[in-house]
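Visitor: Below is the file model05.cif, which contains mmCIF, C-alpha atoms.
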data_model
loop_
_atom_site.label_atom_id
_atom_site.label_comp_id
_atom_site.auth_asym_id
_atom_site.auth_seq_id
_atom_site.Cartn_x
_atom_site.Cartn_y
_atom_site.Cartn_z
CA MET L 1 22.45 26.55 1.59
CA ILE L 2 23.57 23.57 -0.40
CA LYS L 3 25.74 24.65 -3.28
CA GLU L 4 25.31 23.13 -6.72
CA VAL L 5 28.56 21.82 -8.18
CA ASP L 6 29.54 20.54 -11.62
CA LYS L 7 32.28 18.60 -13.35
CA GLN L 8 34.53 21.67 -13.52
CA ASN L 9 34.77 22.40 -9.81
CA PHE L 10 33.84 19.04 -8.25
CA LYS L 11 37.33 17.61 -7.70
CA LYS L 12 38.47 20.82 -6.06
CA ILE L 13 35.40 21.12 -3.84
CA ILE L 14 35.57 17.63 -2.38
CA LYS L 15 39.04 18.49 -1.08
CA GLU L 16 38.18 21.94 0.27
CA LYS L 17 37.25 20.59 3.67
CA GLU L 18 38.14 17.34 5.37
CA CYS L 19 34.56 16.13 5.07
CA VAL L 20 32.23 16.88 2.20
CA VAL L 21 28.75 15.46 1.69
CA VAL L 22 27.55 15.31 -1.91
CA ASP L 23 23.84 14.97 -2.66
CA PHE L 24 23.24 13.35 -6.08
CA TYR L 25 19.68 14.28 -7.06
CA ALA L 26 17.35 15.07 -9.95
CA ASN L 27 14.47 17.49 -10.29
CA TRP L 28 12.00 14.73 -11.14
CA CYS L 29 12.87 12.73 -8.02
CA GLY L 30 10.30 13.14 -5.22
CA PRO L 31 12.37 11.54 -2.45
CA CYS L 32 15.27 13.86 -3.40
CA LYS L 33 13.02 16.85 -2.84
CA MET L 34 11.91 15.47 0.52
CA LEU L 35 15.50 14.92 1.55
CA ARG L 36 16.68 18.45 0.76
CA PRO L 37 15.16 20.32 3.75
CA ILE L 38 16.41 17.59 6.09
CA LEU L 39 19.87 17.93 4.63
CA GLU L 40 19.77 21.71 4.92
CA GLU L 41 18.89 21.44 8.58
CA ILE L 42 21.76 19.04 9.16
CA ALA L 43 24.14 21.25 7.18
CA SER L 44 23.38 24.12 9.56
CA GLN L 45 24.35 21.89 12.49
CA TYR L 46 27.65 20.74 10.98
CA PRO L 47 29.49 23.90 9.90
CA GLU L 48 32.75 21.99 9.65
CA ILE L 49 31.32 19.85 6.85
CA SER L 50 30.61 21.10 3.32
CA PHE L 51 27.31 20.07 1.75
CA VAL L 52 27.02 20.26 -2.03
CA SER L 53 24.69 18.84 -4.66
CA ILE L 54 24.95 17.38 -8.14
CA ASP L 55 22.09 17.23 -10.62
CA VAL L 56 22.51 13.79 -12.19
CA ASP L 57 20.67 14.87 -15.35
CA LYS L 58 23.20 17.61 -15.99
CA GLU L 59 26.27 15.77 -14.73
CA ASP L 60 26.05 12.47 -16.51
CA GLU L 61 29.80 11.93 -16.46
CA LEU L 62 30.17 12.47 -12.72
CA SER L 63 27.18 10.25 -12.01
CA ARG L 64 28.74 7.46 -14.02
CA GLU L 65 32.15 7.98 -12.48
CA TYR L 66 30.68 7.54 -9.02
CA GLY L 67 28.37 4.71 -10.04
CA ILE L 68 25.10 6.45 -9.18
CA TYR L 69 22.24 4.09 -9.99
CA SER L 70 19.63 5.27 -7.54
CA ILE L 71 18.80 8.64 -6.11
CA PRO L 72 18.80 10.34 -3.71
CA CYS L 73 22.35 9.19 -3.08
CA LEU L 74 24.53 10.90 -0.51
CA ILE L 75 28.27 10.32 -0.58
CA LEU L 76 30.49 11.38 2.28
CA PHE L 77 33.99 12.25 1.08
CA LYS L 78 36.88 12.37 3.50
CA ASN L 79 40.04 14.04 2.25
CA GLY L 80 38.67 13.75 -1.27
CA LEU L 81 37.99 10.02 -1.06
CA GLU L 82 34.66 8.28 -0.76
CA GLU L 83 34.13 7.18 2.82
CA LYS L 84 30.46 6.17 2.96
CA ARG L 85 27.31 6.40 0.90
CA VAL L 86 23.61 6.13 1.60
CA VAL L 87 20.87 5.62 -0.92
CA GLY L 88 17.23 6.62 -0.56
CA LEU L 89 15.29 8.98 1.66
CA LYS L 90 16.59 8.89 5.22
CA SER L 91 15.44 10.48 8.45
CA LYS L 92 17.41 13.18 10.21
CA ASP L 93 18.58 10.69 12.82
CA GLU L 94 19.80 8.24 10.21
CA LEU L 95 21.74 10.98 8.46
CA LYS L 96 23.28 12.09 11.73
CA GLU L 97 24.47 8.54 12.17
CA LEU L 98 26.19 8.73 8.81
CA LEU L 99 28.07 11.76 10.07
CA GLY L 100 28.21 10.47 13.62
CA ASP L 101 31.90 9.72 14.01
CA LYS L 102 33.04 12.83 12.17
CA MET A 1 -1.98 14.90 26.52
CA TYR A 2 -3.09 15.09 22.90
CA ASP A 3 -6.62 14.28 21.83
CA ILE A 4 -5.42 12.25 18.87
CA ILE A 5 -2.02 10.83 18.01
CA ILE A 6 -1.61 9.85 14.38
CA ILE A 7 1.19 7.46 13.54
CA GLY A 8 2.41 8.04 10.00
CA GLY A 9 2.59 11.23 7.94
CA GLY A 10 1.56 9.83 4.58
CA ILE A 11 -1.57 10.82 2.73
CA ALA A 12 -3.92 8.89 5.06
CA GLY A 13 -2.28 10.20 8.23
CA LEU A 14 -2.15 13.82 7.06
CA THR A 15 -5.78 13.68 5.92
CA SER A 16 -6.72 12.42 9.38
CA ALA A 17 -4.77 15.32 10.88
CA LEU A 18 -6.61 17.76 8.64
CA TYR A 19 -10.05 16.48 9.64
CA ALA A 20 -9.29 16.01 13.32
CA SER A 21 -7.73 19.43 13.68
CA ARG A 22 -10.60 21.12 11.86
CA ALA A 23 -12.93 19.37 14.30
CA GLY A 24 -11.15 21.23 17.10
CA LYS A 25 -9.01 18.42 18.46
CA SER A 26 -5.35 18.66 19.40
CA VAL A 27 -3.35 16.47 17.08
CA LEU A 28 0.16 15.03 17.01
CA VAL A 29 1.52 13.34 13.90
CA LEU A 30 4.53 11.07 14.36
CA GLU A 31 6.44 10.41 11.16
CA GLU A 32 9.66 8.43 11.11
CA ALA A 33 11.21 9.90 7.96
CA SER A 34 9.49 12.62 5.98
CA TYR A 35 5.88 13.42 5.19
CA GLY A 36 4.12 12.11 2.10
CA GLY A 37 4.53 8.36 2.32
CA ALA A 38 4.60 6.10 -0.71
CA ILE A 39 3.11 8.63 -3.11
CA ILE A 40 6.29 10.73 -3.28
CA ASN A 41 7.76 8.14 -5.65
CA THR A 42 5.00 8.73 -8.18
CA LEU A 43 6.02 11.12 -10.92
CA ASP A 44 2.58 11.80 -12.31
CA ILE A 45 -0.76 11.16 -10.65
CA ALA A 46 -3.52 11.16 -13.24
CA ASN A 47 -6.42 9.57 -11.34
CA TYR A 48 -7.01 11.93 -8.45
CA PRO A 49 -10.47 13.40 -8.99
CA GLY A 50 -10.37 17.06 -9.98
CA ILE A 51 -6.65 17.19 -10.67
CA SER A 52 -5.54 16.15 -14.17
CA HIS A 53 -1.85 15.84 -13.41
CA ILE A 54 0.21 16.36 -10.30
CA SER A 55 3.40 14.82 -8.98
CA GLY A 56 3.27 12.83 -5.76
CA TYR A 57 5.76 15.22 -4.19
CA GLU A 58 3.62 18.24 -5.04
CA LEU A 59 0.38 16.71 -3.79
CA ALA A 60 2.01 15.57 -0.54
CA THR A 61 3.63 18.97 -0.03
CA ASN A 62 0.34 20.78 -0.61
CA LEU A 63 -1.38 18.59 1.96
CA TYR A 64 1.51 19.01 4.40
CA GLU A 65 1.33 22.82 4.10
CA GLN A 66 -2.44 22.68 4.55
CA VAL A 67 -2.04 20.67 7.75
CA LYS A 68 0.78 22.89 9.02
CA GLU A 69 -1.53 25.92 8.83
CA LEU A 70 -3.77 24.24 11.39
CA LYS A 71 -1.12 24.13 14.09
CA VAL A 72 -0.92 20.35 14.07
CA SER A 73 2.27 19.12 15.74
CA ILE A 74 4.29 17.07 13.29
CA VAL A 75 7.26 15.36 14.86
CA ASN A 76 9.90 13.31 13.06
CA GLU A 77 10.20 10.41 15.44
CA LYS A 78 9.66 6.74 14.98
CA ALA A 79 6.95 5.14 17.12
CA LEU A 80 8.48 2.08 18.74
CA LYS A 81 5.70 0.91 21.00
CA ILE A 82 2.09 1.68 21.77
CA LYS A 83 0.52 1.07 25.16
CA ASN A 84 -3.22 0.86 25.53
CA MET A 85 -4.05 1.96 29.06
CA ARG A 86 -7.38 2.31 30.79
CA ASN A 87 -7.92 5.99 30.18
CA LYS A 88 -5.22 6.88 27.70
CA LYS A 89 -2.79 5.56 25.16
CA GLN A 90 0.96 6.00 25.18
CA VAL A 91 3.23 6.10 22.16
CA ILE A 92 6.87 5.52 22.92
CA THR A 93 9.67 6.80 20.69
CA LYS A 94 13.43 6.65 21.22
CA ASN A 95 13.53 9.77 23.38
CA ASN A 96 9.93 10.53 24.31
CA VAL A 97 6.66 9.18 25.56
CA TYR A 98 3.57 10.82 24.06
CA GLU A 99 0.11 10.48 25.54
CA GLY A 100 -3.15 10.65 23.69
CA LYS A 101 -6.80 9.82 24.14
CA ALA A 102 -7.17 8.18 20.74
CA ILE A 103 -4.81 6.83 18.14
CA ILE A 104 -4.97 6.55 14.37
CA LEU A 105 -2.58 4.04 12.82
CA ALA A 106 -1.53 5.17 9.34
CA THR A 107 1.88 3.57 8.96
CA GLY A 108 1.54 2.45 5.33
CA ARG A 109 3.49 -0.23 3.57
CA ASN A 110 7.03 -1.14 2.61
CA ASN A 111 8.24 -2.79 -0.55
CA ARG A 112 8.52 -6.50 -0.03
CA LYS A 113 12.07 -7.77 -0.22
CA LEU A 114 13.27 -11.00 -1.76
CA GLY A 115 14.96 -11.93 1.50
CA LEU A 116 18.25 -12.90 -0.13
CA LEU A 117 21.73 -12.50 1.24
CA HIS A 118 23.38 -9.12 0.40
CA GLU A 119 20.03 -7.62 -0.66
CA ASP A 120 20.30 -4.46 1.45
CA GLU A 121 23.86 -3.65 0.49
CA LEU A 122 23.04 -3.89 -3.23
CA ILE A 123 20.35 -1.20 -3.07
CA GLY A 124 21.54 1.56 -5.37
CA LYS A 125 24.20 -0.76 -6.71
CA GLY A 126 22.09 -2.57 -9.24
CA LEU A 127 19.15 -3.45 -7.02
CA SER A 128 16.06 -1.27 -6.91
CA TYR A 129 12.44 -1.42 -5.79
CA CYS A 130 11.33 1.45 -8.01
CA ALA A 131 11.70 1.28 -11.78
CA THR A 132 10.30 4.74 -12.41
CA CYS A 133 12.83 6.17 -9.93
CA ASP A 134 15.98 4.37 -11.05
CA GLY A 135 15.22 3.04 -14.52
CA ALA A 136 16.75 6.03 -16.27
CA PHE A 137 20.20 5.07 -14.97
CA TYR A 138 20.15 1.90 -17.06
CA ARG A 139 19.85 3.30 -20.57
CA GLY A 140 21.09 0.72 -23.07
CA LYS A 141 21.82 -1.83 -20.33
CA VAL A 142 20.50 -5.28 -19.54
CA VAL A 143 17.97 -5.28 -16.73
CA SER A 144 15.64 -7.71 -15.01
CA VAL A 145 12.35 -7.43 -13.18
CA VAL A 146 11.02 -9.96 -10.71
CA GLY A 147 7.31 -10.22 -10.01
CA GLY A 148 4.04 -11.09 -11.67
CA GLY A 149 1.54 -8.37 -10.79
CA ASN A 150 0.71 -5.06 -12.40
CA THR A 151 3.69 -3.27 -10.88
CA ALA A 152 6.13 -5.80 -12.34
CA LEU A 153 4.43 -5.68 -15.74
CA GLU A 154 4.37 -1.90 -15.85
CA ASP A 155 7.98 -1.76 -14.69
CA ALA A 156 9.01 -4.15 -17.46
CA LEU A 157 7.10 -2.12 -20.03
CA TYR A 158 8.67 1.14 -18.86
CA LEU A 159 12.15 -0.37 -18.79
CA SER A 160 11.73 -1.84 -22.29
CA THR A 161 11.78 1.72 -23.62
CA ILE A 162 15.06 2.48 -21.86
CA ALA A 163 17.10 -0.68 -21.48
CA LYS A 164 18.59 -2.88 -24.18
CA GLU A 165 17.13 -6.11 -22.81
CA VAL A 166 14.57 -6.78 -20.08
CA TYR A 167 14.17 -10.14 -18.40
CA LEU A 168 10.90 -10.60 -16.55
CA ILE A 169 11.08 -13.34 -13.97
CA HIS A 170 7.95 -14.77 -12.42
CA ARG A 171 7.47 -17.74 -10.15
CA ARG A 172 4.24 -18.86 -11.84
CA ASP A 173 3.36 -19.45 -15.47
CA THR A 174 0.71 -16.75 -15.74
CA PHE A 175 0.68 -13.11 -14.68
CA ARG A 176 -1.77 -11.51 -12.28
CA GLY A 177 -2.05 -8.27 -14.22
CA ASP A 178 -4.00 -6.34 -16.80
CA ASP A 179 -4.36 -8.02 -20.18
CA ILE A 180 -3.60 -4.74 -21.92
CA THR A 181 -0.17 -4.50 -20.31
CA ILE A 182 0.57 -8.19 -20.87
CA ASN A 183 -0.25 -7.89 -24.57
CA LEU A 184 1.87 -4.77 -24.95
CA LEU A 185 4.77 -6.58 -23.30
CA LYS A 186 4.44 -9.61 -25.56
CA LYS A 187 4.92 -7.37 -28.57
CA LYS A 188 8.24 -6.07 -27.28
CA ASP A 189 11.23 -7.77 -28.90
CA ASN A 190 13.56 -6.88 -26.05
CA VAL A 191 11.41 -8.32 -23.25
CA HIS A 192 12.12 -11.95 -22.34
CA PHE A 193 9.81 -13.93 -20.07
CA ILE A 194 11.18 -16.44 -17.60
CA PHE A 195 8.32 -18.33 -15.97
CA ASN A 196 8.17 -20.79 -13.09
CA SER A 197 11.42 -19.42 -11.76
CA THR A 198 12.71 -17.71 -8.67
CA ILE A 199 15.90 -15.84 -7.92
CA SER A 200 18.11 -17.79 -5.58
CA LYS A 201 21.26 -15.72 -5.43
CA PHE A 202 22.92 -12.51 -6.55
CA LYS A 203 26.11 -12.46 -8.52
CA ILE A 204 28.24 -9.60 -7.25
CA THR A 205 31.25 -8.07 -8.99
CA ASP A 206 33.15 -5.11 -7.49
CA HIS A 207 30.41 -4.62 -4.86
CA ARG A 208 27.80 -4.24 -7.60
CA LEU A 209 25.10 -6.55 -8.86
CA SER A 210 26.36 -8.23 -12.01
CA GLY A 211 23.95 -11.11 -12.38
CA ILE A 212 21.16 -13.16 -10.90
CA VAL A 213 20.95 -16.88 -10.36
CA ILE A 214 17.62 -18.21 -11.59
CA LYS A 215 16.23 -21.39 -10.17
CA ASN A 216 13.64 -23.63 -11.78
CA SER A 217 14.34 -27.30 -12.43
CA GLN A 218 17.98 -26.29 -12.57
CA GLU A 219 20.03 -23.19 -11.86
CA GLU A 220 21.22 -20.72 -14.44
CA THR A 221 22.95 -17.37 -14.16
CA ILE A 222 21.81 -14.36 -16.17
CA LEU A 223 24.17 -11.43 -16.39
CA VAL A 224 22.27 -8.22 -15.71
CA ASP A 225 23.13 -4.66 -14.76
CA ALA A 226 20.05 -4.27 -12.62
CA LEU A 227 17.27 -6.10 -10.89
CA PHE A 228 14.00 -4.35 -10.15
CA VAL A 229 12.07 -6.08 -7.41
CA ALA A 230 8.28 -5.81 -7.77
CA ILE A 231 6.92 -8.62 -5.65
CA GLY A 232 4.39 -6.58 -3.75
CA ARG A 233 4.30 -4.60 -0.57
CA GLU A 234 3.82 -5.44 3.05
CA PRO A 235 2.09 -3.46 5.77
CA LYS A 236 4.22 -1.80 8.43
CA ASN A 237 2.34 -3.22 11.37
CA GLU A 238 5.25 -4.65 13.34
CA ILE A 239 4.67 -2.43 16.39
CA VAL A 240 0.94 -3.14 16.58
CA LYS A 241 0.90 -6.86 15.89
CA ASN A 242 0.24 -7.64 19.55
CA LEU A 243 -2.13 -4.72 19.99
CA VAL A 244 -4.78 -4.89 17.27
CA LYS A 245 -6.16 -7.69 15.18
CA LEU A 246 -4.34 -8.36 11.90
CA ASP A 247 -5.26 -10.64 9.03
CA ASP A 248 -3.02 -13.48 7.81
CA ASN A 249 -1.05 -11.10 5.62
CA GLY A 250 -0.38 -8.69 8.46
CA TYR A 251 -2.93 -6.03 7.52
CA ILE A 252 -5.04 -4.39 10.24
CA ILE A 253 -8.62 -5.58 10.18
CA ILE A 254 -10.91 -2.54 10.21
CA ASN A 255 -14.63 -2.13 9.80
CA GLN A 256 -16.25 0.37 7.42
CA LYS A 257 -15.71 3.10 9.99
CA CYS A 258 -11.97 2.44 10.28
CA HIS A 259 -12.31 1.00 13.78
CA THR A 260 -9.81 -1.64 14.86
CA ASN A 261 -10.87 -4.20 17.45
CA ILE A 262 -9.52 -1.94 20.23
CA LYS A 263 -11.59 0.98 21.49
CA GLY A 264 -10.01 4.32 20.72
CA ILE A 265 -7.57 2.91 18.19
CA PHE A 266 -8.43 3.55 14.55
CA ALA A 267 -6.54 2.76 11.37
CA ALA A 268 -6.33 4.32 7.91
CA GLY A 269 -4.52 3.81 4.64
CA ASP A 270 -2.30 1.14 3.13
CA ASN A 271 -1.61 -0.73 6.37
CA CYS A 272 -5.29 -1.75 6.56
CA ARG A 273 -7.01 -4.65 4.89
CA LYS A 274 -9.12 -3.30 2.03
CA SER A 275 -9.92 -3.94 -1.60
CA LEU A 276 -8.30 -0.91 -3.23
CA TYR A 277 -4.97 0.72 -2.37
CA GLN A 278 -5.14 4.15 -3.97
CA LEU A 279 -4.79 7.81 -3.07
CA VAL A 280 -8.55 8.24 -3.01
CA THR A 281 -9.01 5.39 -0.55
CA ALA A 282 -6.14 6.70 1.61
CA THR A 283 -7.77 10.11 1.89
CA SER A 284 -11.15 8.49 2.44
CA ASP A 285 -9.84 6.27 5.24
CA GLY A 286 -8.03 9.23 6.76
CA ALA A 287 -11.18 11.34 6.90
CA ILE A 288 -13.34 8.51 8.27
CA ALA A 289 -10.80 7.50 10.93
CA ALA A 290 -10.54 11.14 12.07
CA GLU A 291 -14.31 11.60 12.24
CA GLU A 292 -14.68 8.38 14.19
CA ALA A 293 -11.90 9.33 16.58
CA VAL A 294 -13.59 12.69 17.15
CA LEU A 295 -16.93 10.95 17.82
CA TYR A 296 -15.21 8.59 20.23
CA LEU A 297 -13.66 11.49 22.14
CA ASN A 298 -16.89 13.47 22.26
CA LYS A 299 -18.81 10.47 23.54
CA LYS A 300 -16.20 9.77 26.14
CA LYS A 301 -16.46 13.31 27.39
CA GLY A 302 -20.18 12.50 27.69
#
Would you mind giving the structure from this file in C-alpha cells?
Guide:
Amino acid sequence: MIKEVDKQNFKKIIKEKECVVVDFYANWCGPCKMLRPILEEIASQYPEISFVSIDVDKEDELSREYGIYSIPCLILFKNGLEEKRVVGLKSKDELKELLGDK
Amino acid sequence: MYDIIIIGGGIAGLTSALYASRAGKSVLVLEEASYGGAIINTLDIANYPGISHISGYELATNLYEQVKELKVSIVNEKALKIKNMRNKKQVITKNNVYEGKAIILATGRNNRKLGLLHEDELIGKGLSYCATCDGAFYRGKVVSVVGGGNTALEDALYLSTIAKEVYLIHRRDTFRGDDITINLLKKKDNVHFIFNSTISKFKITDHRLSGIVIKNSQEETILVDALFVAIGREPKNEIVKNLVKLDDNGYIIINQKCHTNIKGIFAAGDNCRKSLYQLVTATSDGAIAAEEAVLYLNKKKG
C-alpha cells in the first residue's frame, strides 16, 4: 500500500527510511492512475524503501516547494534529500532502474 | 507458439486481442509501458458513439479488464526486433523470444519533439507535450505553445483560461486548424501570435526552463515559465522500418483490410497511414486486423 502524506507529516516521513519514493499525482491524471499499480508492485519488491504519495491538488504548497510542473512525478529522497526524479508514466523496468543502485 | 502476437496494448491492440481471442485464437499482447496508449491522457472523451462522457483512463481500463477475462496473455516487455521466418514470426524482447504465426503491429505514436539540446531534461521542468495534463500548474504564469495545428490551437485556448499570458509560436503565417478555434483565440487579449518563427534554443535558469529563443529574421528571447510543444506526432515504427513498407512520414502502409505488404503481418491504429486518427478508427482497425489475422491462420491451416 502506498500511504498518502500531507504537509504536516511529509518532512518527517521522508527521513523515516534512508530511501523514500514520493509519487506526486492527481485524481484527474490518467497516467498517474496507470502508474499506481506498477508502483505498488515495485513497492512490494523493495521493502527497505518507503513509498508514499502526495495529491498535488490538495498539497499545493508542497508541490510548489518541490517544483512539480508535470505529473506523474516520482522523487526519490535519500536521507531526506532529493536524489533523483522521473516525470511521466514509466515501465516497471525503467522504475527499477531508478532504484537500481539502492 | 502463439497464434497471434499483438505489439502494443493501446486501444487498437487491445481491440485486436478482444476479437482474436473471441475467435478462439491464442493471443499475446506485448506492451512496453502500461495498457491504454495515447488515450489515457484524455480527460473527457465526448465523441465515442454510445458513451456521452468517459475519461481515457476509464475507457482503457474497461477494455483491459474485458480482454483480461478472455485469458489473453499481456506482458509488459518492449519488442526490440521482429523476424519474419518461413513458417513463423519471432518477436524479440530484452529477455525473451516469442513465436507467433501472425503479428499485428499496433505500436501507436509518440509526440514529436523539437529536437533541441536539453529538451529531454526539461520535461516536467517547464517543458511539456500535454497542455491538458500540465497546464494547471501554470496558473497566472507566462506560457508558450509551439505548433500550428488543432492541438496547438486548442492548447493555447485552454491555457488562455489559466495562464496570465500565452505566446503561440508557429513557423508559418497561417494555421492549419479549425476556423472556430482560430477565431476564439483571436478574441483573447492574453494570447499573442508569433508567426514565421521557430524556437532555436532554450533559456535555462536553475535547471528549469526560463525562456525560449525565437528565430525569424533575427533572434529574440521571450521569458516564459513553460513551453507546450504541439508540433504533431510520429509513428513508433522504428523496429519495423526494414520489415514492412512505410510511407515517407514513417507510417505503415496498409490496405482496407489492415494488411501490410508482408503476409501474416497486419497493422492497426495510429502507427498506420490513414485519414482519421480517432478512437473509433483505432477500434475499427483493431477489429479488422484481428479478423484478417484469423482468416489468414484458418486458411494456412487449410
Visitor: Using all atoms listed in the file, which residues sit within 8 Å of Leu70 of chain A once same-chain residues fewer than 4 positions away are excluded, as a list in words?
Guide: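 Counting only the stated atoms, we get Leu18, Ser21, Arg22 and Gln66 of chain A.
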Visitor: So which one's closest to Leu81 of chain L, L:Leu95, L:Tyr66, L:Cys29, L:Asp55? Using all atoms listed in the file, please.
Guide: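 Checking each candidate against Leu81 of chain L, we get L:Tyr66 as the closest.
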Visitor: Find the residues around Arg273 of chain A up to 10 Å (all atoms listed in the file counted), leave out those fewer than 2 positions away in its own chain, and share them as a PyMOL selection string.
Guide: chain A and resi 235+246-247+249-255+267-271+275-277
Visitor: Neighbouring residues of Ala152 of chain A were defined as those with any atom within 9 Å, considering only C-alpha atoms; residues of the same chain fewer than 2 positions away were excluded. Please report them as a PyMOL selection string.
Guide: chain A and resi 145-150+154-157+168+177+228-232
Visitor: On this file, the PyMOL selection byres ((chain L) within 9 of (chain A)) gives some set of residues; write that set as a PyMOL selection string.
Guide: chain L and resi 28-31+33-35+38+64+67-71+73+86-93
Visitor: If I take atom CA of Ala293 of chain A and atom CA of Gly9 of chain A, how far is one from the other in Å, to one decimal?
Guide: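 So the answer is 17.0 Å.
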Visitor: Report the distance between atom CA of Gly108 of chain A and atom CA of His170 of chain A in Å, rounded to one decimal place.
Guide: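 It comes out at 25.5 Å.
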Visitor: Could you tell me which of L:Tyr46, L:Val20, L:Leu99, L:Asn27 comes closest to Glu82 of chain L if we count only C-alpha atoms?
Guide: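 The shortest atom-to-atom distance to Glu82 of chain L comes from L:Val20.
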Visitor: For atom CA of Val213 of chain A and atom CA of Thr161 of chain A, quote the distance in Å rounded to one decimal.
Guide: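 Between these atoms lies a distance of 24.6 Å.
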Visitor: Restricting the calculation to only C-alpha atoms: of L:Lys15, L:Ala26, L:Pro72, L:Glu83, which residue gets closest to Asp57 of chain L?
Guide: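 Using only C-alpha atoms, Asp57 of chain L sits closest to L:Ala26.
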Visitor: Convert the output of the PyMOL selection byres ((chain A and resi 287) around 8) on the shown file into explicit residues, formatted as a PyMOL selection string.
Guide: chain A and resi 12+15-16+19+283-286+288-291
Visitor: Hey, what's within 12 Å of Lys25 of chain A if we count only C-alpha atoms and toss same-chain stuff fewer than 6 positions away? As a list in words, please?
Guide: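 What passes the distance filter is Met1, Tyr2, Asp3, Ile4, Ile5, Ser16, Ala17, Leu18, Tyr19, Leu70, Lys71, Val72, Ser73, Gly100, Lys101, Ala102, Ala290, Glu291, Ala293, Val294, Leu295, Tyr296, Leu297 and Asn298 of chain A.
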Visitor: Based on the selection just made, write C-alpha atoms of those residues as a PDB file, in the frame of the given file.
Guide:
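Final file, out.pdb:
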ATOM      1  CA  MET A   1      -1.980  14.900  26.520  1.00  0.00           C
ATOM      2  CA  TYR A   2      -3.090  15.090  22.900  1.00  0.00           C
ATOM      3  CA  ASP A   3      -6.620  14.280  21.830  1.00  0.00           C
ATOM      4  CA  ILE A   4      -5.420  12.250  18.870  1.00  0.00           C
ATOM      5  CA  ILE A   5      -2.020  10.830  18.010  1.00  0.00           C
ATOM      6  CA  SER A  16      -6.720  12.420   9.380  1.00  0.00           C
ATOM      7  CA  ALA A  17      -4.770  15.320  10.880  1.00  0.00           C
ATOM      8  CA  LEU A  18      -6.610  17.760   8.640  1.00  0.00           C
ATOM      9  CA  TYR A  19     -10.050  16.480   9.640  1.00  0.00           C
ATOM     10  CA  LEU A  70      -3.770  24.240  11.390  1.00  0.00           C
ATOM     11  CA  LYS A  71      -1.120  24.130  14.090  1.00  0.00           C
ATOM     12  CA  VAL A  72      -0.920  20.350  14.070  1.00  0.00           C
ATOM     13  CA  SER A  73       2.270  19.120  15.740  1.00  0.00           C
ATOM     14  CA  GLY A 100      -3.150  10.650  23.690  1.00  0.00           C
ATOM     15  CA  LYS A 101      -6.800   9.820  24.140  1.00  0.00           C
ATOM     16  CA  ALA A 102      -7.170   8.180  20.740  1.00  0.00           C
ATOM     17  CA  ALA A 290     -10.540  11.140  12.070  1.00  0.00           C
ATOM     18  CA  GLU A 291     -14.310  11.600  12.240  1.00  0.00           C
ATOM     19  CA  ALA A 293     -11.900   9.330  16.580  1.00  0.00           C
ATOM     20  CA  VAL A 294     -13.590  12.690  17.150  1.00  0.00           C
ATOM     21  CA  LEU A 295     -16.930  10.950  17.820  1.00  0.00           C
ATOM     22  CA  TYR A 296     -15.210   8.590  20.230  1.00  0.00           C
ATOM     23  CA  LEU A 297     -13.660  11.490  22.140  1.00  0.00           C
ATOM     24  CA  ASN A 298     -16.890  13.470  22.260  1.00  0.00           C
TER      25      ASN A 298
END
Visitor: Can you spell out as a PDB file with C-alpha atoms, in the frame of the given file the set of residues that the PyMOL selection byres ((chain L and resi 39) around 9) selects in the structure I just provided?
Guide:
ATOM      1  CA  ILE L   2      23.570  23.570  -0.400  1.00  0.00           C
ATOM      2  CA  ASP L  23      23.840  14.970  -2.660  1.00  0.00           C
ATOM      3  CA  LEU L  35      15.500  14.920   1.550  1.00  0.00           C
ATOM      4  CA  ARG L  36      16.680  18.450   0.760  1.00  0.00           C
ATOM      5  CA  PRO L  37      15.160  20.320   3.750  1.00  0.00           C
ATOM      6  CA  ILE L  38      16.410  17.590   6.090  1.00  0.00           C
ATOM      7  CA  GLU L  40      19.770  21.710   4.920  1.00  0.00           C
ATOM      8  CA  GLU L  41      18.890  21.440   8.580  1.00  0.00           C
ATOM      9  CA  ILE L  42      21.760  19.040   9.160  1.00  0.00           C
ATOM     10  CA  ALA L  43      24.140  21.250   7.180  1.00  0.00           C
ATOM     11  CA  SER L  44      23.380  24.120   9.560  1.00  0.00           C
ATOM     12  CA  PHE L  51      27.310  20.070   1.750  1.00  0.00           C
ATOM     13  CA  LYS L  92      17.410  13.180  10.210  1.00  0.00           C
ATOM     14  CA  LEU L  95      21.740  10.980   8.460  1.00  0.00           C
TER      15      LEU L  95
END
Visitor: Around (5.0, -18.5, -12.4) in the file's own coordinates, what residues are found within 7 Å if you use all atoms listed in the file, given back as a short mmCIF file (atom, residue, chain, number, x, y, z; two decimals) with C-alpha atoms, in the coordinates of the input?
Guide:
data_model
loop_
_atom_site.label_atom_id
_atom_site.label_comp_id
_atom_site.auth_asym_id
_atom_site.auth_seq_id
_atom_site.Cartn_x
_atom_site.Cartn_y
_atom_site.Cartn_z
CA HIS A 170 7.95 -14.77 -12.42
CA ARG A 171 7.47 -17.74 -10.15
CA ARG A 172 4.24 -18.86 -11.84
CA ASP A 173 3.36 -19.45 -15.47
CA THR A 174 0.71 -16.75 -15.74
CA PHE A 195 8.32 -18.33 -15.97
CA ASN A 196 8.17 -20.79 -13.09
CA SER A 197 11.42 -19.42 -11.76
#
Visitor: Rank A:Gln278, A:Leu185, A:Arg86, A:Lys299 by their smallest atom-to-atom distance to Pro49 of chain A, using all atoms listed in the file, and report the top residue only.
Guide: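 The shortest atom-to-atom distance to Pro49 of chain A comes from A:Gln278.
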Visitor: Hey, what's within 7 Å of segment 199-205 of chain A if we count all atoms listed in the file and toss same-chain stuff fewer than 4 positions away? As a list in words, please?
Guide: Leu116, Leu209, Ser210, Gly211, Ile212, Val213, Ile214 and Lys215 of chain A
